[in-house]
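Okay, structure first, notes after.
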Amino acid sequence: MIKNLLSSLVVYLVSALSSPVLITAEPITGNAANGKEPYFNHGCYACHGYRGIGKHNIANDVSGIMMNESVFLIFLRARSELNPPLPFQGMPHYPESSLADAEALDIYAYIRTFKDSPPLAESNTTLQAIIRSAQSQHQAQ
Amino acid sequence: MTKKQSDTPSKTGSKISRRGFIGASVVGGATTVLAPTALGNTNEAATNPAKSLPPSEAQMEREVGSSMPPEPIHNVKRAASDLMVQVLRDLEIEYVALNPGSSFEGLQESLVNYGDNPNTMPEVISALHEGSAVDMAHGYGRAEGKPMCALIQGTVGLQNGSMAIYQAFHGNTPLIVLAGNDQHNFLKVHTGEDIAALVRPFTKWDAQPETLEETLVALQEAYRQTITPPCAPVLVVLNSEIQKQEAGDVQLPTYTSPDIQGISQDQADVIAQDLIQAKNPHISVGRLRTPHGIASAVELAESVAASVDTTATQGPMSFPQRHPLVGPGTDKDYDYHLGLERNASQVSITGPSLKSLMKRDVAGVRFGWMQDPSMRRGPTPEVLLNADAEASIQLITDAVRQRLTEEVTRSIGERNQANTKNNQTFKMKSLRQAIEKKRPGWNGTPVSLARMYAELWPLIKDLDWCLASPTHFSGRHHRELWDHDKPYSYLGQFPAAALGYGLGASTGAALAAKDRDRIVINIQADGDFNYMPGSIWSAAHHRLPMLIIMHNNRAWHMELMYLQYMAGVRGRGTDRAHIGTTFRDPYIDFAKIAEGYGMKSEGPISDPEQMVAALKRGVDTVRNGEPYLIDVLTQPR
C-alpha cells in the first residue's frame with residue numbers, strides 16, 4: 001500500500017511539475033508513422049481511442065504527461081509499484097522490458113499528430129435538437 | 001400423500017419435507033399460507049424416485065423418436081394441462097418463452113391448442129436456449145414489473161438456464177420458471193428427485209406438486225411469491241404425467257392477491273405530519289415494484305411539492321427523471337428527507353432484501369453476496385422502516401391530504417413554483433455541460449459512443465421507447481442526454497455482472513413492447529452478444545420491435561484492460577494482452593449473423609455520417625414492427 005501511494009505521488013509530481021514554466025519544450029524525436037502500430041499493439045487505444053479520444057482524451061494535449069518526450073517516458077515508467085488487489089482498468093505500467101524507449105517515443109510522436117476539432121454545440125444540428133427538446137419541455141411545464 | 005415442499009428446504013437439499021402442504025412462506029412480514037390438500041397421489045413415479053441408471057435401449061429409441069410413447073396413452077377429454085394454461089391465462093401471463101423439451105409436451109400442446117383463442121395469453125415464444133428463455137422473462141419482468149414464464153426441460157434445461165436465473169435473482173425480477181420433469185418414462189439422466197435444488201440458493205421459492213390440484217395451486221402461489229418483495233424468480237417443477245392426465249371434475253382454485261406489508265397508519269401519520277411541517281422536504285425514490293407505485297410516488301411528491309431525486313437513469317421503476325420536481329430544488333439543505341426504497345437522512349422505507357432468502361442456500365455455496373452485508377448508498381437514516389415502500393406511499397399521501405390547510409396549500413404552491421424553476425435551471429445547465437463533454441471525437445472514425453447516443457435521441461424522443469440493454473460498457477451517455485420518464489425507460493445494468501444477458505433481456509423487453517406501441521433500443525455489447533445469439537431469431541420470428549445497435553469494439557474490452565494492466569505490473573508483454581480478450585482474425589460480422597437468423601441488418605459501419613443514416617432506417621423499421629440490427633464499429637469506450 002505504501003509503495004502504491006509513493007508511486008502515485010511520483011506520477012502526481014511528474015504531472016504537476018511538467019508545466020511550461022518548469023520544463024522547456026523539447027523537440028519530437030520519435031517517428032509518428034512508426035508509432036501507429038505500437039500505439040495499437042500496446043493497447044493505448046483501449047482507453048484513449050483510435051485517435052486520442054476515448055475514456056481519457058489525449059488528442060490536442062500538450063500539457064501534463066504529454067508536455068514532452070521526457071515527461072511522457074517518466075510517466076510510462078513510473079507505475080511499477082501500482083499493483084492493485086482488484087482487477088484494474090487504470091493506466092498500465094510500461095517498463096522498458098516491455099516497451100523500448102524508441103517505441104515509446106514513436107508512440108508519443110504519433111499521439112501528437114492527433115487533432116480533434118469537434119463541432120461547436122451551437123452549430124451542430126443534433127446537439128441543438130437535444131437542447132431545444134429540453135427547452136420546450138420546460139416551457140410546457 | 002407426498003409433496004415436495006418449497007420455501008424451507010432441508011439441509012441436504014436432496015431429501016425434502018414430504019408433508020401435505022405446498023408450502024408456507026414468510027416474506028417481509030407478509031405471511032402466505034397455502035391450504036393443505038387432502039388429495040391422494042396416484043403418481044407412481046412420485047413415490048418411486050428415479051435411480052441413477054444409464055438409459056436403456058428402449059429409452060434411447062424413444063429419445064431419438066424411433067419408438068412410440070410408452071403406455072399409458074393419455075386420451076383425455078379434459079386435459080390437465082389445459083387447466084394449467086387456464087390458471088396462467090387468469091393470471092394474465094402474456095408469454096411463455098420455451099425451449100422445447102421431452103417433459104412438457106402435455107403443457108406445450110395445451111399452450112398452442114387450448115381454448116377459443118389458443119396460443120394467446122399466454123403466447124408461446126420460441127427460444128433457442130433455456131438461458132435465452134429466462135433472460136427474456138427477465139427483461140419482460142423488469143420492463144413491466146410483473147412476471148412472464150420460462151418453460152424449460154428438467155435437469156438439463158434447468159442447468160442451461162441457471163445462470164440466467166441467477167442474474168434475474170440479483171435483479172430482484174419477478175419471473176416464473178416452469179421445469180418439466182418425467183421421473184417415470186423417460187431418460188433418467190434428464191430427471192432428478194429434487195431438481196429445484198439445482199437453483200434453490202438463487203430462487204425465492206419452488207414447488208414440486210404431485211397432483212393436478214396441487215399443481216394449479218402451486219402456479220398461483222408462484223405468481224404470488226414472485227411479485228411479493230423481495231421479488232425474485234420462482235420455480236414450479238411440473239410432472240410430465242400429471243400434465244397429460246384426465247382432469248375430470250377438478251376445479252380451478254381461487255386466486256387471492258398477496259398481502260404486501262407497508263408501514264402502519266401511525267407511521268404514515270408521523271411521516272405526513274413531518275412532510276407538512278417541513279419548509280424544504282426532499283424525497284429520494286429508488287426502484288419501486290410497479291408502474292402503479294411510481295404514479296403513487298409522483299402523487300406524494302406533488303402533494304407537498306418536495307424536490308426529488310430518482311434512480312430512473314440507473315434502472316427501471318423509479319420516479320420520472322424530467323418531472324419538474326426532480327432536481328436539487330431551491331436549497332440542498334433539506335429539513336426533511338424521506339427515502340422510498342432508498343436511504344435518506346430522516347426516514348427510509350425499504351422492503352425486504354434478498355438476504356431474507358439466505359436460508360435457501362442448502363448446498364452451502366455461500367455466494368459472496370450472502371456473506372457481505374448489503375451496502376446501500378446514501379445517508380444513514382434516523383428511522384429505518386422495514387416495509388415495502390410502494391405499499392406505503394398511498395397511506396402517506398392520504399394522511400398528507402387530511403392535513404392540508406389553506407395556508408399549507410398556499411405554501412406548498414409557492415414551493416412548487418420555486419423548486420420547478422430552480423430544477424429547470426439546474427437541468428439546462430447540466431445538459432449544456434454534458435453536451436460539451438460529448439463533443440470530442442464527434443467526427444472520429446470509428447464512431448464515438450457519445451455521438452451514437454446523441455444521434456439516436458432526436459430520432460426516438462417523441463416515441464414510446466425502452467432502453468433495455470446494460471449501457472455501462474458503452475459509456476451510459478443516455479443518462480445525461482435522454483429523458484427517462486417511463487417505468488421502463490432504462491432497465492439497468494447486468495444485475496449479477498455476468499455477460500450473456502443483454503440480448504435475451506432486450507428481446508424480453510421487446511415482448512413487453514410488442515403490443516404497446518413501444519420500441520426497444522438495445523445498445524448491444526459485442527462480447528455479450530456471442531453467449532446466446534439465438535434470441536436474434538426469436539426476435540425475427542415473433543416480429544419484435546427491437547433496434548439492436550452493436551457496440552462493436554471487437555473485444556471483451558474490460559478484460560483486455562485488466563490483462564494489459566497485469567502485464568504492466570509484471571513488466572512484460574504489454575503488446576500481448578489481446579490474446580484471449582479480443583475478436584480478431586477473423587472479425588465477427590454481426591450483420592451477417594443477424595441476416596442468417598432472418599433479421600434485417602446492415603454494417604459494419606465505422607463512419608459516423610453513415611451511422612446516422614442507418615439509425616434512421618433502423619428506427620423506421622422497428623416502428624413498423626420488425627427488429628433491425630446495425631453493426632457499428634465504435635471507439636472502445
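Ordering of the C-alpha cells sets the chain letters (A, B, ...), residue numbers begin anew at 1 in every chain, and ligands are numbered from 1 in the order given.
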Compute the chain B side of the contact with chain A at 8 Å, counting only C-alpha atoms, and hand it back as an MDAnalysis selection string.
chainID B and resid 324 424 428 431:432 435:436 439:446 448 454:455 457:458 481 557:558 561:562 564:566 568:569 571:577 635:637
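Look at Gly161 of chain B: the protein and nucleic acid residues within 8 Å of it, using only C-alpha atoms and passing over chain neighbours fewer than 5 places away, are His129, Glu130, Gly131, Ser132, Ala133, Val134 and Ile152 of chain B.
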Can I get the selection written as an mmCIF file, in the first residue's frame, with C-alpha atoms?
data_model
loop_
_atom_site.group_PDB
_atom_site.id
_atom_site.type_symbol
_atom_site.label_atom_id
_atom_site.label_comp_id
_atom_site.auth_asym_id
_atom_site.auth_seq_id
_atom_site.Cartn_x
_atom_site.Cartn_y
_atom_site.Cartn_z
ATOM 1 C CA HIS B 129 -31.578 -21.763 -25.444
ATOM 2 C CA GLU B 130 -33.003 -22.090 -21.958
ATOM 3 C CA GLY B 131 -30.831 -19.204 -20.834
ATOM 4 C CA SER B 132 -32.399 -17.059 -23.540
ATOM 5 C CA ALA B 133 -35.877 -18.049 -22.369
ATOM 6 C CA VAL B 134 -35.092 -16.972 -18.808
ATOM 7 C CA ILE B 152 -37.645 -25.469 -19.695
#
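Distances to Arg360 of chain B were evaluated for B:Asp206, B:Asp90, B:Glu105, B:Glu609 using only C-alpha atoms, and the minimum falls at B:Asp206.
Look at Ala32 of chain A: the protein and nucleic acid residues within 7 Å of it, using only C-alpha atoms and passing over chain neighbours fewer than 3 places away, are A:Gly35, A:Lys36, A:Asp106, A:Ile107, A:Ala109, A:Tyr110.
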Secondary structure check, alpha helix (DSSP H) residues of segment 112-196 of chain B, as an MDAnalysis selection string:
chainID B and resid 112:113 130:144 156:170
Write out the residues from the selection above, keeping C-alpha atoms, as a short mmCIF file (atom, residue, chain, number, x, y, z; two decimals), in the first residue's frame.
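Wrote it out as result_30.cif, contents follow:
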data_model
loop_
_atom_site.label_atom_id
_atom_site.label_comp_id
_atom_site.auth_asym_id
_atom_site.auth_seq_id
_atom_site.Cartn_x
_atom_site.Cartn_y
_atom_site.Cartn_z
CA VAL B 112 -50.70 -23.95 -28.53
CA ASN B 113 -54.18 -25.56 -28.80
CA GLU B 130 -33.00 -22.09 -21.96
CA GLY B 131 -30.83 -19.20 -20.83
CA SER B 132 -32.40 -17.06 -23.54
CA ALA B 133 -35.88 -18.05 -22.37
CA VAL B 134 -35.09 -16.97 -18.81
CA ASP B 135 -33.35 -13.81 -19.96
CA MET B 136 -36.44 -12.92 -21.97
CA ALA B 137 -38.58 -13.37 -18.89
CA HIS B 138 -36.05 -11.25 -17.00
CA GLY B 139 -36.23 -8.36 -19.46
CA TYR B 140 -40.00 -8.54 -19.58
CA GLY B 141 -40.24 -8.59 -15.79
CA ARG B 142 -38.01 -5.55 -15.42
CA ALA B 143 -39.98 -3.63 -18.02
CA GLU B 144 -43.45 -4.46 -16.76
CA VAL B 156 -30.58 -30.35 -18.48
CA GLY B 157 -32.65 -27.30 -19.34
CA LEU B 158 -32.60 -26.05 -15.80
CA GLN B 159 -28.82 -26.19 -15.76
CA ASN B 160 -28.66 -24.30 -19.03
CA GLY B 161 -30.98 -21.70 -17.61
CA SER B 162 -29.37 -21.47 -14.20
CA MET B 163 -27.04 -18.55 -14.93
CA ALA B 164 -29.91 -16.51 -16.28
CA ILE B 165 -31.93 -17.36 -13.17
CA TYR B 166 -29.00 -16.25 -11.01
CA GLN B 167 -28.89 -12.96 -12.91
CA ALA B 168 -32.63 -12.40 -12.51
CA PHE B 169 -32.39 -13.22 -8.82
CA HIS B 170 -29.92 -10.41 -8.33
#
Between atom CA of Ser489 of chain B and atom CA of Glu602 of chain B lies a distance of 25.7 Å
Please provide as a VMD selection string all residues within 6 Å of Thr634 of chain B, with the sequence filter that same-chain residues fewer than 2 positions apart are discarded (counting only C-alpha atoms).
chain B and resid 446 to 447 552 to 553 632
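The space between atom CA of Ser474 of chain B and atom CA of Pro487 of chain B spans 21.9 Å.
What separates atom CA of Asp398 of chain B from atom CA of His337 of chain B is a distance of 18.6 Å.
If you measure from each of B:Ala312, B:Val383, B:Val234, B:Val612 to Val285 of chain B using only C-alpha atoms, the closest one turns out to be B:Ala312.
Those residues in segment 394-595 of chain B carrying a DSSP assignment of strand (DSSP E), computed from the backbone, are Trp465, Cys466, Leu467, Ile519, Val520, Ile521, Asn522, Ile523, Gln524, Ala525, Met546, Leu547, Ile548, Ile549, Met550, His551 and Asn552 of chain B.
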Just write the chosen residues, C-alpha atoms, as a PDB file, in the first residue's frame.
ATOM      1  CA  TRP B 465     -39.158   3.721 -26.048  1.00  0.00           C
ATOM      2  CA  CYS B 466     -37.341   1.410 -23.697  1.00  0.00           C
ATOM      3  CA  LEU B 467     -33.573   1.213 -23.438  1.00  0.00           C
ATOM      4  CA  ILE B 519     -39.964   0.245 -29.308  1.00  0.00           C
ATOM      5  CA  VAL B 520     -36.914  -1.220 -27.638  1.00  0.00           C
ATOM      6  CA  ILE B 521     -33.399   0.075 -28.038  1.00  0.00           C
ATOM      7  CA  ASN B 522     -30.580  -2.372 -27.422  1.00  0.00           C
ATOM      8  CA  ILE B 523     -27.060  -0.917 -27.443  1.00  0.00           C
ATOM      9  CA  GLN B 524     -25.576  -4.370 -27.671  1.00  0.00           C
ATOM     10  CA  ALA B 525     -22.067  -5.125 -26.431  1.00  0.00           C
ATOM     11  CA  MET B 546     -36.174  -4.126 -31.200  1.00  0.00           C
ATOM     12  CA  LEU B 547     -33.424  -1.965 -32.659  1.00  0.00           C
ATOM     13  CA  ILE B 548     -30.052  -3.529 -31.974  1.00  0.00           C
ATOM     14  CA  ILE B 549     -27.099  -1.190 -32.332  1.00  0.00           C
ATOM     15  CA  MET B 550     -23.857  -3.046 -31.917  1.00  0.00           C
ATOM     16  CA  HIS B 551     -21.272  -1.524 -29.650  1.00  0.00           C
ATOM     17  CA  ASN B 552     -18.654  -3.402 -31.594  1.00  0.00           C
TER      18      ASN B 552
END
